[in-house]
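Text of final_39.txt (compact mmCIF, C-alpha atoms and all ligand atoms) as supplied:
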# COMPACT_ATOMS: atom_id res chain seq x y z
CA MET A 882 115.10 92.25 96.41
CA ALA A 883 112.98 94.07 93.87
CA ASN A 884 114.60 95.78 90.91
CA ILE A 885 112.25 96.83 88.16
CA SER A 886 113.39 97.48 84.63
CA LEU A 887 111.00 99.32 82.34
CA GLN A 888 112.27 99.17 78.78
CA HIS A 889 110.73 101.19 75.95
CA LEU A 890 107.18 100.81 77.25
CA ASP A 891 104.36 102.06 75.02
CA LYS A 892 100.66 102.03 75.74
CA ILE A 893 98.12 102.41 72.98
CA TYR A 894 94.51 102.02 74.09
CA ASP A 895 91.90 100.30 71.93
CA ASN A 896 90.57 103.65 70.71
CA ASN A 897 94.10 104.32 69.32
CA VAL A 898 94.95 106.86 72.03
CA GLN A 899 98.65 106.51 72.80
CA ALA A 900 98.91 107.25 76.50
CA VAL A 901 102.60 106.36 77.07
CA PHE A 902 105.57 106.73 74.70
CA ASP A 903 108.88 104.91 75.10
CA PHE A 904 109.01 104.87 78.90
CA ASN A 905 112.43 103.81 80.24
CA LEU A 906 113.43 103.50 83.89
CA GLU A 907 115.63 101.33 86.07
CA VAL A 908 114.14 101.19 89.57
CA LYS A 909 116.63 100.07 92.21
CA ASP A 910 115.77 97.79 95.09
CA GLY A 911 114.22 99.80 97.93
CA GLU A 912 113.87 102.95 95.87
CA PHE A 913 110.93 105.34 96.24
CA ILE A 914 109.98 106.54 92.76
CA VAL A 915 107.31 109.20 92.24
CA LEU A 916 105.66 109.62 88.84
CA VAL A 917 104.39 113.19 88.65
CA GLY A 918 102.67 115.28 86.00
CA PRO A 919 99.35 116.92 85.19
CA SER A 920 96.15 114.96 84.82
CA GLY A 921 96.09 112.80 81.68
CA CYS A 922 99.88 112.65 81.19
CA GLY A 923 100.01 108.84 81.44
CA LYS A 924 101.12 108.26 85.06
CA SER A 925 98.33 105.89 86.07
CA THR A 926 98.58 104.04 82.78
CA THR A 927 102.28 103.43 83.45
CA LEU A 928 101.59 102.23 87.00
CA ARG A 929 98.78 99.98 85.80
CA MET A 930 101.05 98.43 83.19
CA ILE A 931 103.54 97.66 85.95
CA ALA A 932 100.77 96.17 88.11
CA GLY A 933 99.50 94.06 85.22
CA LEU A 934 96.11 95.81 85.15
CA GLU A 935 96.73 97.10 81.60
CA ASP A 936 98.38 95.24 78.74
CA ILE A 937 101.75 96.56 77.62
CA SER A 938 101.49 97.52 73.92
CA ALA A 939 105.25 97.45 73.29
CA GLY A 940 108.43 97.14 75.34
CA ARG A 941 109.57 94.90 78.18
CA LEU A 942 109.04 94.84 81.92
CA LEU A 943 111.47 92.94 84.16
CA LEU A 944 111.18 92.24 87.88
CA ASP A 945 114.51 91.11 89.35
CA GLY A 946 115.66 90.18 85.88
CA GLU A 947 112.62 88.06 85.10
CA ASP A 948 110.48 89.08 82.14
CA ILE A 949 106.95 89.75 83.46
CA THR A 950 105.69 91.75 80.47
CA ALA A 951 102.81 89.36 79.92
CA ALA A 952 102.46 87.90 83.43
CA PRO A 953 98.99 88.16 85.02
CA ALA A 954 98.61 90.71 87.83
CA LYS A 955 98.23 88.02 90.51
CA ASP A 956 101.64 86.55 89.68
CA ARG A 957 103.56 89.83 89.94
CA ASP A 958 104.01 90.01 93.71
CA MET A 959 103.03 93.67 93.79
CA ALA A 960 100.37 95.39 95.92
CA MET A 961 98.50 98.48 94.80
CA VAL A 962 96.94 101.16 97.00
CA PHE A 963 94.27 103.29 95.29
CA GLN A 964 92.88 106.73 96.09
CA ASN A 965 89.36 105.42 96.70
CA TYR A 966 90.57 102.82 99.26
CA ALA A 967 88.21 100.16 97.82
CA LEU A 968 87.51 98.74 101.30
CA TYR A 969 84.70 96.25 101.91
CA GLY A 970 82.02 98.11 103.89
CA HIS A 971 80.53 95.01 105.52
CA MET A 972 83.88 93.76 106.83
CA THR A 973 85.78 94.96 109.88
CA VAL A 974 89.19 96.57 109.56
CA TYR A 975 90.71 93.25 110.61
CA GLU A 976 88.77 91.34 107.96
CA ASN A 977 89.60 93.88 105.30
CA MET A 978 93.29 93.58 106.06
CA ALA A 979 93.15 89.78 106.26
CA PHE A 980 91.06 89.37 103.10
CA SER A 981 93.73 88.64 100.50
CA LEU A 982 95.47 86.18 102.82
CA THR A 983 92.18 84.44 103.63
CA LEU A 984 91.56 84.10 99.90
CA ARG A 985 94.97 82.49 99.55
CA LYS A 986 93.98 80.10 102.38
CA GLU A 987 96.96 80.99 104.54
CA ASP A 988 97.23 79.53 108.02
CA PRO A 989 94.89 81.58 110.31
CA ASN A 990 97.68 81.94 112.89
CA VAL A 991 99.98 83.42 110.27
CA ILE A 992 97.20 85.75 109.07
CA HIS A 993 96.56 86.87 112.64
CA ARG A 994 100.22 87.64 113.21
CA LYS A 995 100.56 89.58 109.94
CA VAL A 996 97.41 91.65 110.49
CA LEU A 997 98.46 92.58 114.03
CA ALA A 998 101.95 93.50 112.85
CA ALA A 999 100.58 95.71 110.04
CA ALA A 1000 98.07 97.31 112.40
CA GLU A 1001 100.91 98.08 114.80
CA ILE A 1002 102.97 99.75 112.07
CA LEU A 1003 99.99 101.84 110.99
CA GLY A 1004 98.62 102.72 114.43
CA LEU A 1005 95.38 100.82 113.78
CA THR A 1006 95.56 98.35 116.65
CA ASP A 1007 92.57 99.94 118.41
CA GLN A 1008 90.47 100.10 115.25
CA LEU A 1009 90.56 96.46 114.17
CA ASN A 1010 86.96 95.68 115.13
CA LYS A 1011 85.47 98.78 113.49
CA LYS A 1012 83.78 98.95 110.10
CA PRO A 1013 85.26 101.34 107.49
CA LYS A 1014 82.39 103.81 107.84
CA GLN A 1015 83.33 104.36 111.51
CA LEU A 1016 86.80 105.54 110.47
CA SER A 1017 88.15 108.88 109.27
CA GLY A 1018 89.42 109.24 105.69
CA GLY A 1019 93.00 109.06 106.92
CA GLN A 1020 92.35 105.87 108.89
CA ARG A 1021 90.66 104.27 105.87
CA GLN A 1022 93.67 105.09 103.76
CA ARG A 1023 95.84 103.39 106.37
CA VAL A 1024 93.65 100.28 106.26
CA ALA A 1025 94.15 100.25 102.48
CA MET A 1026 97.91 100.40 103.08
CA GLY A 1027 97.58 97.67 105.72
CA ARG A 1028 95.96 95.41 103.17
CA ALA A 1029 99.02 95.88 100.97
CA ILE A 1030 101.51 95.41 103.83
CA VAL A 1031 100.13 92.05 105.03
CA ARG A 1032 100.84 90.58 101.60
CA ASN A 1033 104.52 91.45 102.04
CA PRO A 1034 104.85 92.21 98.34
CA LYS A 1035 108.07 92.86 96.49
CA VAL A 1036 106.73 96.18 95.22
CA PHE A 1037 104.19 98.71 96.51
CA LEU A 1038 102.28 100.74 93.92
CA PHE A 1039 100.37 103.85 95.04
CA ASP A 1040 97.88 105.61 92.75
CA GLU A 1041 97.15 109.10 94.13
CA PRO A 1042 96.57 107.64 97.62
CA LEU A 1043 96.20 111.01 99.35
CA SER A 1044 93.98 112.90 96.94
CA ASN A 1045 90.79 112.23 98.92
CA LEU A 1046 92.24 113.62 102.14
CA ASP A 1047 92.13 117.22 103.32
CA ALA A 1048 95.34 119.27 103.29
CA LYS A 1049 96.33 118.67 106.92
CA LEU A 1050 95.73 114.94 106.77
CA ARG A 1051 97.61 114.74 103.48
CA GLY A 1052 100.70 116.14 105.18
CA ALA A 1053 100.41 113.71 108.11
CA THR A 1054 99.73 110.67 105.90
CA ARG A 1055 102.62 111.66 103.62
CA ARG A 1056 104.97 111.46 106.60
CA GLU A 1057 103.49 108.06 107.53
CA ILE A 1058 104.18 106.76 104.04
CA LEU A 1059 107.78 107.95 104.33
CA LEU A 1060 108.15 106.16 107.67
CA LEU A 1061 106.58 103.07 106.18
CA HIS A 1062 109.09 103.14 103.34
CA LYS A 1063 111.99 103.44 105.79
CA ARG A 1064 110.69 100.62 107.97
CA MET A 1065 109.86 98.19 105.21
CA ASN A 1066 112.74 99.10 102.94
CA ALA A 1067 110.46 98.16 100.06
CA THR A 1068 110.53 99.30 96.45
CA MET A 1069 107.70 101.81 95.97
CA LEU A 1070 106.23 103.53 92.93
CA TYR A 1071 103.87 106.37 93.64
CA VAL A 1072 101.69 108.37 91.25
CA THR A 1073 100.59 111.92 91.99
CA HIS A 1074 99.76 115.18 90.21
CA ASP A 1075 101.01 117.08 93.28
CA GLN A 1076 104.54 118.41 92.95
CA THR A 1077 104.84 118.86 96.74
CA GLU A 1078 104.23 115.13 97.27
CA ALA A 1079 106.83 114.37 94.61
CA LEU A 1080 109.46 116.64 96.18
CA THR A 1081 108.86 115.42 99.74
CA LEU A 1082 108.52 111.67 99.11
CA ALA A 1083 110.73 110.68 96.22
CA ASP A 1084 114.23 109.28 96.07
CA ARG A 1085 113.82 109.99 92.37
CA ILE A 1086 111.06 111.78 90.49
CA VAL A 1087 109.88 110.90 86.99
CA CYS A 1088 108.19 114.00 85.57
CA MET A 1089 105.82 113.30 82.67
CA SER A 1090 103.89 115.36 80.13
CA MET A 1091 101.58 114.07 77.41
CA GLY A 1092 102.79 110.49 77.65
CA HIS A 1093 106.49 111.37 77.51
CA VAL A 1094 109.05 111.31 80.31
CA GLN A 1095 110.46 114.83 80.60
CA GLN A 1096 113.09 114.26 83.28
CA VAL A 1097 114.20 111.66 85.80
CA GLY A 1098 116.21 112.77 88.81
CA THR A 1099 116.35 113.49 92.51
CA PRO A 1100 113.96 116.17 93.82
CA LEU A 1101 116.90 118.58 94.11
CA GLU A 1102 118.00 117.93 90.53
CA LEU A 1103 114.53 118.66 89.17
CA TYR A 1104 114.23 121.78 91.31
CA GLU A 1105 117.73 123.15 90.71
CA THR A 1106 118.34 122.04 87.14
CA PRO A 1107 115.04 121.42 85.35
CA ALA A 1108 115.68 119.85 81.94
CA ASN A 1109 113.17 121.97 80.08
CA LEU A 1110 110.46 124.59 80.34
CA PHE A 1111 107.81 122.02 81.25
CA VAL A 1112 109.69 120.65 84.28
CA ALA A 1113 110.71 124.18 85.30
CA SER A 1114 107.09 125.30 85.34
CA PHE A 1115 105.69 122.12 86.94
CA ILE A 1116 108.14 121.64 89.82
CA GLY A 1117 108.21 124.45 92.38
CA LEU A 1118 105.39 126.45 93.95
CA PRO A 1119 104.54 129.18 93.19
CA PRO A 1120 105.76 128.32 89.69
CA MET A 1121 108.83 129.83 88.08
CA ASN A 1122 108.39 133.16 86.25
CA PHE A 1123 109.33 133.24 82.56
CA PHE A 1124 110.32 136.18 80.37
CA ASN A 1125 111.47 136.54 76.79
CA VAL A 1126 114.89 138.19 76.66
CA THR A 1127 117.48 138.90 73.99
CA ILE A 1128 121.12 138.16 74.75
CA ARG A 1129 123.21 141.18 73.81
CA ASN A 1130 126.66 142.38 74.92
CA GLY A 1131 126.73 140.35 78.11
CA GLN A 1132 123.20 141.30 79.07
CA ALA A 1133 119.73 139.75 78.97
CA VAL A 1134 117.45 142.49 77.69
CA ASN A 1135 113.74 143.05 77.11
CA LYS A 1136 111.44 146.05 77.22
CA TYR A 1137 111.11 145.80 80.99
CA PHE A 1138 114.61 145.17 82.26
CA THR A 1139 118.28 144.69 81.56
CA VAL A 1140 120.03 141.97 83.54
CA ALA A 1141 123.83 141.88 83.56
CA LEU A 1142 125.00 138.31 83.01
CA THR A 1143 127.61 136.65 85.21
CA ASP A 1144 130.74 135.28 83.55
CA ALA A 1145 129.34 131.76 83.81
CA GLU A 1146 126.08 132.85 82.16
CA LYS A 1147 127.98 134.66 79.39
CA GLN A 1148 129.86 131.48 78.64
CA LEU A 1149 126.67 129.42 78.72
CA LEU A 1150 124.91 131.80 76.33
CA ALA A 1151 127.86 132.49 74.03
CA THR A 1152 126.14 130.98 70.98
CA TYR A 1153 122.93 132.94 71.62
CA GLU A 1154 124.34 136.43 70.99
CA GLY A 1155 121.59 138.53 69.39
CA LYS A 1156 119.04 135.76 69.87
CA GLU A 1157 115.93 135.48 72.00
CA VAL A 1158 115.85 132.96 74.87
CA THR A 1159 113.51 132.36 77.81
CA LEU A 1160 114.75 133.57 81.17
CA GLY A 1161 113.26 131.76 84.18
CA VAL A 1162 113.41 132.93 87.77
CA ARG A 1163 111.78 131.26 90.75
CA PRO A 1164 109.71 133.54 93.02
CA GLU A 1165 111.98 132.60 95.95
CA ASN A 1166 115.06 133.67 93.97
CA ILE A 1167 113.80 137.24 93.72
CA ALA A 1168 114.96 139.77 96.32
CA THR A 1169 114.40 143.46 96.88
CA GLY A 1170 117.06 145.96 95.94
CA GLY A 1171 117.78 145.63 92.22
CA ASP A 1172 116.60 147.73 89.32
CA VAL A 1173 113.80 145.55 87.94
CA GLN A 1174 110.64 147.50 88.69
CA VAL A 1175 107.52 145.64 89.78
CA LYS A 1176 104.13 147.29 90.10
CA VAL A 1177 102.34 145.52 92.95
CA PHE A 1178 98.86 143.99 92.51
CA SER A 1179 98.62 142.10 95.76
CA ASN A 1180 100.65 141.39 98.88
CA GLU A 1181 100.16 138.07 100.72
CA ASN A 1182 101.94 137.58 104.04
CA LEU A 1183 102.97 133.99 104.71
CA GLY A 1184 104.85 134.74 107.94
CA MET A 1185 108.46 133.98 107.03
CA SER A 1186 107.97 135.46 103.57
CA THR A 1187 105.62 137.59 101.49
CA LEU A 1188 104.14 136.71 98.11
CA VAL A 1189 103.99 139.77 95.93
CA HIS A 1190 102.04 139.48 92.68
CA GLY A 1191 102.56 142.23 90.18
CA ARG A 1192 103.59 143.28 86.73
CA LEU A 1193 106.84 144.51 85.35
CA CYS A 1194 106.31 148.21 85.37
CA GLY A 1195 103.74 150.02 83.40
CA GLU A 1196 103.06 147.36 80.79
CA HIS A 1197 100.06 145.12 80.31
CA ALA A 1198 101.60 142.58 77.97
CA ALA A 1199 100.87 138.92 78.75
CA ASP A 1200 104.52 138.12 79.48
CA ALA A 1201 104.90 140.77 82.12
CA ALA A 1202 103.16 139.16 85.11
CA ILE A 1203 105.52 138.31 87.97
CA THR A 1204 105.29 136.62 91.36
CA CYS A 1205 107.99 137.34 93.94
CA LYS A 1206 108.46 135.47 97.23
CA LEU A 1207 110.27 138.07 99.27
CA ARG A 1208 111.94 137.29 102.59
CA GLY A 1209 110.27 138.57 105.73
CA TRP A 1210 107.06 140.46 106.31
CA CYS A 1211 106.34 143.09 103.65
CA ASP A 1212 103.41 145.50 103.55
CA TYR A 1213 103.17 146.65 99.97
CA LYS A 1214 99.91 148.16 98.73
CA ALA A 1215 98.39 147.70 95.33
CA GLY A 1216 99.98 150.27 93.02
CA ASP A 1217 103.31 150.46 94.92
CA THR A 1218 106.46 150.00 92.89
CA VAL A 1219 109.12 147.61 94.26
CA ASN A 1220 112.64 147.29 92.92
CA VAL A 1221 113.84 143.70 92.77
CA LEU A 1222 116.71 141.62 91.46
CA PHE A 1223 116.87 138.09 90.09
CA GLU A 1224 119.35 136.14 92.24
CA LYS A 1225 119.38 132.84 90.32
CA ARG A 1226 118.44 132.62 86.66
CA HIS A 1227 117.56 129.73 84.36
CA PHE A 1228 117.77 129.95 80.57
CA PHE A 1229 115.82 127.93 78.01
CA ASP A 1230 116.14 127.59 74.24
CA LYS A 1231 113.09 129.14 72.53
CA GLU A 1232 112.79 126.44 69.90
CA THR A 1233 113.47 123.21 71.79
CA THR A 1234 112.34 124.58 75.22
CA ASN A 1235 115.31 122.68 76.67
CA ALA A 1236 117.40 124.20 79.42
CA ILE A 1237 120.59 125.78 78.06
CA ARG A 1238 123.42 123.94 79.81
P1 LIG B 1301 97.13 110.35 84.48
O1 LIG B 1301 97.23 109.18 85.41
O2 LIG B 1301 98.43 111.04 84.27
O3 LIG B 1301 96.04 111.31 84.85
P2 LIG B 1301 96.15 108.39 82.58
O4 LIG B 1301 97.25 107.41 82.52
O5 LIG B 1301 94.95 108.05 83.40
O6 LIG B 1301 96.75 109.80 83.02
O7 LIG B 1301 95.66 108.72 81.10
C1 LIG B 1301 96.55 109.01 80.06
C2 LIG B 1301 95.77 109.17 78.76
O8 LIG B 1301 95.17 107.92 78.39
C3 LIG B 1301 94.64 110.16 78.83
O9 LIG B 1301 94.56 110.84 77.60
C4 LIG B 1301 93.42 109.30 79.05
O10 LIG B 1301 92.26 109.91 78.53
C5 LIG B 1301 93.77 108.05 78.25
N1 LIG B 1301 93.14 106.84 78.81
C6 LIG B 1301 93.25 106.39 80.08
N2 LIG B 1301 92.57 105.23 80.24
C7 LIG B 1301 92.02 104.94 79.03
C8 LIG B 1301 91.21 103.86 78.52
N3 LIG B 1301 90.83 102.85 79.32
N4 LIG B 1301 90.85 103.91 77.22
C9 LIG B 1301 91.24 104.91 76.43
N5 LIG B 1301 92.01 105.95 76.83
C10 LIG B 1301 92.40 105.98 78.11
Written as structure tokens, how would this file's structure read?
Amino acid sequence: MANISLQHLDKIYDNNVQAVFDFNLEVKDGEFIVLVGPSGCGKSTTLRMIAGLEDISAGRLLLDGEDITAAPAKDRDMAMVFQNYALYGHMTVYENMAFSLTLRKEDPNVIHRKVLAAAEILGLTDQLNKKPKQLSGGQRQRVAMGRAIVRNPKVFLFDEPLSNLDAKLRGATRREILLLHKRMNATMLYVTHDQTEALTLADRIVCMSMGHVQQVGTPLELYETPANLFVASFIGLPPMNFFNVTIRNGQAVNKYFTVALTDAEKQLLATYEGKEVTLGVRPENIATGGDVQVKVFSNENLGMSTLVHGRLCGEHAADAAITCKLRGWCDYKAGDTVNVLFEKRHFFDKETTNAIR
């Protein structure tokens, strides 16, 4: 069992920088939580407060109902995996994985059994006698995970564990971490700036910006119903397109296009008549065939789809850039005009930047 309750956590560093504001989260036993956001938004600080590597300035932290706000890191029964592996170069893989247990003076037979079991899970059985420098980056990352596994902690904490790996290895290691989570059924908290990792790994995502939690939800919830402009622009790749529009007579209008609203959208936007709102549309929700005109800049074939970068026709205003992810193989040339339509629209309040629901 490992439930974690984070209650109104604040972190203010000695130089008076407040890195985390009023962080609240109930992590369920066995849950995989991903903290995601741009660099400097307070993800690592939050993770380090949970690990006990940073003091908590205000708020409470409970593990299975027990208050551990001020408990030293070594008493928290959590294991952390870092991006830089932090392996001991002079020790073998086996010794690296056994190290924390040796320190604790566990029975050598028990240590041996645990190291072999972890190596088996991670596919490192043949590497146990090697030194870290003889391993690939991906294998080193697995040794770092092995070191965490042998401790059989209540909670695994990952701080950007894949950011030193190349793209292909990142994908493979991501799948290994998922398998590991399934097998061990452990509670995991994982920090990354990469929205793809968040979408593919998480049971629930916590999206942060500038020390504040912006939204907590399943990957699908954050993708389908982002709470505000920040989450809408951060989750999804390529990012959502945004345009200023005025709501008038059942239409969303600007100088480039007029979009007829559905009945549901009319109802949603009833109090915005005559007002400006932000319309968001994901590149993959744009299709050919409507009457929004796009002047093509570039055409990138991805196989199943084509990324078309362009501008809403004729204008050079900053808000007129658009990226469309069109189905199939397209061969547009720079300067072509394509007619598109927005299949699924999101609307955001101009003042609060919150999604209009
Ligand atoms: P992230 O993990 O999202 O990149 P961090 O949690 O590392 O962000 O940092 C959040 C903010 O706290 C940043 O503004 C960073 O500069 C600041 N910060 C991090 N560590 C310290 C520290 N030891 N002392 C002072 N400020 C820090």
Could you pull the residues within 6 Å of A:Ile1203, counting all atoms listed in the file, minus those fewer than 4 positions along the same chain, as a list in words?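 The residues that qualify are His1190, Gly1191 and Arg1192 of chain A.
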At a cut-off of 9 Å, using all atoms listed in the file, what residues contact stretch 1164-1180 of chain A? Leave out same-chain residues fewer than 6 positions from it and give the result as a PyMOL selection string. chain A and resi 1118-1122+1137-1140+1187-1195+1203-1208+1211-1226
Could those residues be written to a file, using C-alpha atoms, as a JSON list (two decimals), in the coordinates of the input?
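Result saved to result.json:
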[["chain", "number", "residue", "atom", "x", "y", "z"],
["A", 1118, "LEU", "CA", 105.39, 126.45, 93.95],
["A", 1119, "PRO", "CA", 104.54, 129.18, 93.19],
["A", 1120, "PRO", "CA", 105.76, 128.32, 89.69],
["A", 1121, "MET", "CA", 108.83, 129.83, 88.08],
["A", 1122, "ASN", "CA", 108.39, 133.16, 86.25],
["A", 1137, "TYR", "CA", 111.11, 145.80, 80.99],
["A", 1138, "PHE", "CA", 114.61, 145.17, 82.26],
["A", 1139, "THR", "CA", 118.28, 144.69, 81.56],
["A", 1140, "VAL", "CA", 120.03, 141.97, 83.54],
["A", 1187, "THR", "CA", 105.62, 137.59, 101.49],
["A", 1188, "LEU", "CA", 104.14, 136.71, 98.11],
["A", 1189, "VAL", "CA", 103.99, 139.77, 95.93],
["A", 1190, "HIS", "CA", 102.04, 139.48, 92.68],
["A", 1191, "GLY", "CA", 102.56, 142.23, 90.18],
["A", 1192, "ARG", "CA", 103.59, 143.28, 86.73],
["A", 1193, "LEU", "CA", 106.84, 144.51, 85.35],
["A", 1194, "CYS", "CA", 106.31, 148.21, 85.37],
["A", 1195, "GLY", "CA", 103.74, 150.02, 83.40],
["A", 1203, "ILE", "CA", 105.52, 138.31, 87.97],
["A", 1204, "THR", "CA", 105.29, 136.62, 91.36],
["A", 1205, "CYS", "CA", 107.99, 137.34, 93.94],
["A", 1206, "LYS", "CA", 108.46, 135.47, 97.23],
["A", 1207, "LEU", "CA", 110.27, 138.07, 99.27],
["A", 1208, "ARG", "CA", 111.94, 137.29, 102.59],
["A", 1211, "CYS", "CA", 106.34, 143.09, 103.65],
["A", 1212, "ASP", "CA", 103.41, 145.50, 103.55],
["A", 1213, "TYR", "CA", 103.17, 146.65, 99.97],
["A", 1214, "LYS", "CA", 99.91, 148.16, 98.73],
["A", 1215, "ALA", "CA", 98.39, 147.70, 95.33],
["A", 1216, "GLY", "CA", 99.98, 150.27, 93.02],
["A", 1217, "ASP", "CA", 103.31, 150.46, 94.92],
["A", 1218, "THR", "CA", 106.46, 150.00, 92.89],
["A", 1219, "VAL", "CA", 109.12, 147.61, 94.26],
["A", 1220, "ASN", "CA", 112.64, 147.29, 92.92],
["A", 1221, "VAL", "CA", 113.84, 143.70, 92.77],
["A", 1222, "LEU", "CA", 116.71, 141.62, 91.46],
["A", 1223, "PHE", "CA", 116.87, 138.09, 90.09],
["A", 1224, "GLU", "CA", 119.35, 136.14, 92.24],
["A", 1225, "LYS", "CA", 119.38, 132.84, 90.32],
["A", 1226, "ARG", "CA", 118.44, 132.62, 86.66]]
Tell me which of A:Phe1123, A:Phe904, A:Phe1111, A:Tyr894 sits closest to ligand LIG 1301 (chain B), counting all atoms listed in the file.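 Counting all atoms listed in the file, the residue closest to ligand LIG 1301 (chain B) is A:Tyr894.
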Residues at most 12 Å from A:Pro1100, counting only C-alpha atoms, excluding those fewer than 5 positions away in the same chain, as a tab-separated table (two decimals) with C-alpha atoms, in the frame of the given file?
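What ended up in part00.tsv:
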chain	number	residue	atom	x	y	z
A	913	PHE	CA	110.93	105.34	96.24
A	914	ILE	CA	109.98	106.54	92.76
A	915	VAL	CA	107.31	109.20	92.24
A	916	LEU	CA	105.66	109.62	88.84
A	917	VAL	CA	104.39	113.19	88.65
A	1076	GLN	CA	104.54	118.41	92.95
A	1077	THR	CA	104.84	118.86	96.74
A	1078	GLU	CA	104.23	115.13	97.27
A	1079	ALA	CA	106.83	114.37	94.61
A	1080	LEU	CA	109.46	116.64	96.18
A	1081	THR	CA	108.86	115.42	99.74
A	1082	LEU	CA	108.52	111.67	99.11
A	1083	ALA	CA	110.73	110.68	96.22
A	1084	ASP	CA	114.23	109.28	96.07
A	1085	ARG	CA	113.82	109.99	92.37
A	1086	ILE	CA	111.06	111.78	90.49
A	1087	VAL	CA	109.88	110.90	86.99
A	1088	CYS	CA	108.19	114.00	85.57
A	1105	GLU	CA	117.73	123.15	90.71
A	1106	THR	CA	118.34	122.04	87.14
A	1107	PRO	CA	115.04	121.42	85.35
A	1112	VAL	CA	109.69	120.65	84.28
A	1116	ILE	CA	108.14	121.64	89.82
A	1117	GLY	CA	108.21	124.45	92.38
Return the single residue from A:Tyr969, A:Val1126, A:Ala1108, A:Phe1115 that is closest to A:Thr1234, with distances computed using all atoms listed in the file. A:Ala1108
Taking all atoms listed in the file into account, produce a table as CSV in which each residue of chain A with an atom at most 7 Å from an atom of ligand LIG 1301 (chain B) appears once, together with its shortest atom pair and the distance in Å to one decimal, ordered by chain and rising number.
residue,atom,partner,partner_atom,distance
A:Tyr894,CA,B:LIG1301,C9,5.0
A:Asp895,CA,B:LIG1301,C9,6.5
A:Asn896,CA,B:LIG1301,C9,5.9
A:Val898,CA,B:LIG1301,N5,5.7
A:Gln899,CA,B:LIG1301,O8,6.7
A:Ala900,CA,B:LIG1301,O8,4.2
A:Gly918,CA,B:LIG1301,O2,6.2
A:Pro919,CA,B:LIG1301,O2,6.0
A:Ser920,CA,B:LIG1301,O3,3.7
A:Gly921,CA,B:LIG1301,O6,3.4
A:Cys922,CA,B:LIG1301,O2,3.8
A:Gly923,CA,B:LIG1301,O4,3.3
A:Lys924,CA,B:LIG1301,O2,3.9
A:Ser925,CA,B:LIG1301,O1,3.5
A:Thr926,CA,B:LIG1301,O4,3.6
A:Thr927,CA,B:LIG1301,O4,6.5
A:Gly1092,CA,B:LIG1301,C1,6.9
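Among A:Leu1038, A:Leu1060, A:Val901, A:Ala1236, the residue with the shortest atom-to-atom distance to A:Thr1073, counting only C-alpha atoms, is A:Leu1038.
Across the model, the gap from atom CA of A:Ile937 to atom CA of A:Arg957 is 14.2 Å.
Straight-line separation from atom CA of A:Arg1064 to atom CA of A:Arg1023: 15.2 Å.
Taking atom CA of A:Leu890 and atom CA of A:Asn1109 as endpoints, the distance between them is 22.2 Å.
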For stretch 1146-1148 of chain A, list every protein, DNA or RNA residue within 10 Å, evaluated using all atoms listed in the file, and leave out those in the same chain fewer than 5 positions away; present the list as a ChimeraX atom specification. /A:1128-1133,1141,1153-1154,1226-1228,1237-1238
From the set A:Tyr1104, A:Phe1037, A:Trp1210, A:Tyr975, which residue has the shortest atom-to-atom contact distance to A:Ile885, counting all atoms listed in the file? A:Phe1037
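Near A:Lys995, within 9 Å and counting all atoms listed in the file, sit A:Ala979, A:Asn990, A:Val991, A:Ala999, A:Ala1000, A:Ile1030, A:Val1031, A:Arg1032, not including residues fewer than 4 positions from it in the same chain.
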For a quick check of understanding, using only C-alpha atoms, which of A:Met959, A:Phe1229, A:Val974, A:Ala967 has the smallest distance to A:Leu1150?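 Among the listed residues, A:Phe1229 lies closest to A:Leu1150.
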Taking all atoms listed in the file into account, name the residue in A:Ala954, A:Ala939, A:Val1024, A:Met930 that is nearest to A:Gln1008.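 Between A:Ala954, A:Ala939, A:Val1024, A:Met930, the residue approaching A:Gln1008 most closely is A:Val1024.
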